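K.L.:
Okay, so here is structure.cif, and as you'll see once you scroll down, it has mmCIF, C-alpha atoms.
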data_my_file
#
loop_
_atom_site.label_atom_id
_atom_site.label_comp_id
_atom_site.auth_asym_id
_atom_site.auth_seq_id
_atom_site.Cartn_x
_atom_site.Cartn_y
_atom_site.Cartn_z
CA MET A 28 90.58 82.55 67.71
CA THR A 29 91.27 84.54 70.88
CA GLU A 30 94.37 86.63 71.54
CA PRO A 31 96.96 85.05 73.84
CA ILE A 32 96.98 86.32 77.41
CA ALA A 33 100.46 87.79 76.88
CA THR A 34 98.97 90.54 74.71
CA ARG A 35 97.59 92.41 77.74
CA ARG A 36 99.45 95.66 78.00
CA CYS A 37 99.81 98.07 80.89
CA GLY A 38 100.28 101.17 78.75
CA LYS A 39 103.95 101.83 79.56
CA PRO A 40 105.90 102.72 76.41
CA GLY A 41 107.70 99.64 75.16
CA CYS A 42 105.54 97.19 77.13
CA THR A 43 105.19 93.94 75.23
CA GLY A 44 102.40 92.57 77.39
CA HIS A 45 101.99 90.54 80.55
CA ALA A 46 101.42 86.81 80.64
CA ASN A 47 100.63 86.93 84.35
CA GLY A 48 97.86 88.79 86.04
CA VAL A 49 95.52 91.63 85.28
CA PRO A 50 95.89 95.35 86.00
CA LEU A 51 95.07 96.32 89.59
CA THR A 52 92.52 98.77 88.21
CA SER A 53 90.46 95.90 86.74
CA LEU A 54 89.52 94.57 90.21
CA ALA A 55 86.23 95.34 91.92
CA PRO A 56 86.39 97.16 95.26
CA GLY A 57 86.80 94.64 98.07
CA ALA A 58 88.59 92.11 95.85
CA LEU A 59 91.73 90.41 97.09
CA ALA A 60 94.77 89.86 94.89
CA ARG A 61 98.43 88.96 94.91
CA VAL A 62 100.93 91.16 93.06
CA CYS A 63 102.56 89.32 90.11
CA GLU A 64 104.72 92.06 88.68
CA THR A 65 104.92 95.77 88.03
CA CYS A 66 105.66 97.58 84.80
CA LEU A 67 107.02 100.79 86.34
CA ASP A 68 110.13 102.88 86.06
CA PRO A 69 112.75 101.92 88.67
CA LEU A 70 112.07 104.91 90.96
CA ASP A 71 108.31 104.27 91.16
CA ALA A 72 108.84 100.51 91.60
CA SER A 73 111.32 101.16 94.43
CA MET A 74 108.92 103.54 96.17
CA LEU A 75 106.08 101.00 96.06
CA ARG A 76 108.34 98.17 97.29
CA ALA A 77 109.36 100.36 100.26
CA MET A 78 105.64 100.63 101.17
CA GLY A 79 105.13 96.86 100.91
CA LEU A 80 103.60 96.76 97.43
CA ARG A 81 105.97 94.21 95.88
CA PRO A 82 105.71 90.95 93.94
CA ALA A 83 103.90 88.28 96.01
CA ALA A 84 102.31 90.92 98.30
CA THR A 85 98.65 90.33 99.16
CA LEU A 86 96.31 93.29 98.91
CA ARG A 87 92.67 94.32 98.93
CA LEU A 88 91.31 96.98 96.61
CA CYS A 89 89.53 99.45 98.89
CA ARG A 90 88.65 102.10 96.32
CA SER A 91 88.99 102.23 92.56
CA GLY A 92 89.39 105.44 90.60
CA GLU A 93 91.63 108.37 91.42
CA PRO A 94 93.26 107.70 93.78
CA CYS A 95 93.14 103.92 93.76
CA VAL A 96 93.36 102.86 97.42
CA VAL A 97 94.75 99.45 98.35
CA GLU A 98 95.24 97.78 101.72
CA VAL A 99 98.51 95.84 101.81
CA TYR A 100 98.58 92.79 104.06
CA PRO A 101 101.71 91.75 105.94
CA GLY A 102 103.94 89.26 104.15
CA SER A 103 104.53 85.72 105.21
CA ALA A 104 107.88 84.47 106.44
CA GLY A 105 110.56 84.53 103.80
CA GLN A 106 109.11 87.38 101.76
CA GLY A 107 111.59 89.93 103.05
CA THR A 108 109.09 91.78 105.20
CA GLN A 109 109.75 93.00 108.72
CA CYS A 110 106.26 92.74 110.19
CA GLU A 111 104.70 89.35 110.76
CA ARG A 112 101.68 90.57 112.77
CA ALA A 113 98.23 90.06 111.25
CA ASP A 114 97.17 93.59 112.27
CA CYS A 115 100.18 95.23 110.59
CA ARG A 116 98.45 96.38 107.40
CA CYS A 117 98.65 99.70 105.63
CA ARG A 118 96.61 101.56 103.04
CA ILE A 119 98.22 103.20 100.07
CA GLY A 120 96.67 105.68 97.65
CA LEU A 121 97.96 105.26 94.10
CA ALA A 122 97.52 107.47 91.08
CA ARG A 123 95.51 105.61 88.46
CA LEU A 124 98.47 105.62 86.06
CA LEU A 125 100.56 103.73 88.63
CA ALA A 126 97.75 101.34 89.58
CA GLU A 127 97.22 100.39 85.92
CA ARG A 128 100.82 99.14 85.80
CA VAL A 129 100.59 96.87 88.85
CA MET A 130 99.68 93.38 87.62
CA VAL A 131 97.81 91.16 90.08
CA THR A 132 96.23 87.72 90.33
CA PRO A 133 92.83 87.69 92.06
CA ILE A 134 92.65 85.34 95.06
CA ASP A 135 89.87 83.95 97.26
CA GLU A 136 89.05 85.49 100.64
CA ALA A 137 89.76 82.14 102.31
CA ALA A 138 93.36 82.24 101.03
CA ILE A 139 94.29 84.96 103.53
CA ALA A 140 91.86 84.22 106.34
CA GLY A 141 94.84 83.43 108.54
CA ALA A 142 96.24 86.89 107.81
CA GLY A 143 93.18 88.66 109.24
CA GLY A 144 91.46 89.13 105.89
CA SER A 145 87.81 88.84 106.89
CA GLU A 146 87.33 92.48 107.80
CA ALA A 147 84.73 94.41 105.81
CA THR A 148 85.97 97.18 103.55
CA LYS A 149 84.60 100.66 104.09
#
Take the structure from the file and write it as structure tokens.

P.N.:
Amino acid sequence: MTEPIATRRCGKPGCTGHANGVPLTSLAPGALARVCETCLDPLDASMLRAMGLRPAATLRLCRSGEPCVVEVYPGSAGQGTQCERADCRCRIGLARLLAERVMVTPIDEAAIAGAGGSEATK
């Protein structure tokens, strides 16, 4: 019998597992994903939210390793974002320990085609 999905752990002390998503670090470079949740201390979570890396944000993994580089796509209306332009993306470099605690759900390229997501990753 297999272990339930909820047994996936991010490594943060006291973490009881995540039913949703996989760690950001498990994606292949170029993969698209949507943030499900983070398992971070409040200060780190606040810092990432200020840079656009928040639940429901769409991102592309540009580089795995140290640092883990992600490209954050602009949010859609109603997500509390200020920029609605398709070209308003940013790249963020994350320490591996932070990236391991960002839980994401992989998505298809076609899901964000309207957000300018067909650009090749370098």

K.L.:
Would you pick out the contacts of Cys115 (chain A) at 9 Å or less, using all atoms listed in the file, so that residues sharing its chain but fewer than 6 positions from it are not included, and give the list as a list in words?

P.N.:
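Listing them by chain and then by number gives Val99, Tyr100 and Pro101 of chain A.
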
K.L.:
Tell me which of A:Leu125, A:Leu67, A:Ile134, A:Val96 sits closest to Ala84 (chain A), counting all atoms listed in the file.

P.N.:
A:Ile134

K.L.:
How many Å separate CA of Cys66 (chain A) from CA of Met130 (chain A)?

P.N.:
7.8 Å

K.L.:
Using all atoms listed in the file, determine which residues lie at most 9 Å from Ala58 (chain A), disregarding the query and same-chain residues fewer than 4 positions distant; provide the list as a ChimeraX atom specification.

P.N.:
/A:54,86-89,133-136

K.L.:
Using all atoms listed in the file, what residues lie at most 8 Å away from (93.0, 107.7, 92.4) (file coordinates), given as a list of chain:residue names?

P.N.:
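Taken together, the residues in range are A:Ser91, A:Gly92, A:Glu93, A:Pro94, A:Cys95, A:Val96, A:Gly120, A:Leu121, A:Ala122, A:Arg123.
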
K.L.:
State, in Å with one decimal place, the distance from CA of Pro56 (chain A) to CA of Leu70 (chain A).

P.N.:
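These two atoms are separated by 27.2 Å.
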
K.L.:
For Ala126 (chain A), which residue among A:Cys63, A:Arg90, A:Pro50, A:Asp68 is the nearest when counting only C-alpha atoms?

P.N.:
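So, comparing all the options, the nearest one is A:Pro50.
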
K.L.:
Can you work out the spacing between CA of Arg61 (chain A) and CA of Gly79 (chain A) in Å, to one decimal?

P.N.:
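According to the coordinates, CA of Arg61 (chain A) and CA of Gly79 (chain A) are separated by 12.0 Å.
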
K.L.:
Hey, which of A:Gly57, A:Arg81, A:Asp71, A:Val62 ends up closest to Leu124 (chain A)? Count all atoms listed in the file.

P.N.:
A:Asp71

K.L.:
Measuring atom to atom with only C-alpha atoms, identify which of A:Arg76, A:Arg128, A:Leu51, A:Ala83 is nearest to Val97 (chain A).

P.N.:
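That would be A:Leu51, the residue with the smallest distance to Val97 (chain A).
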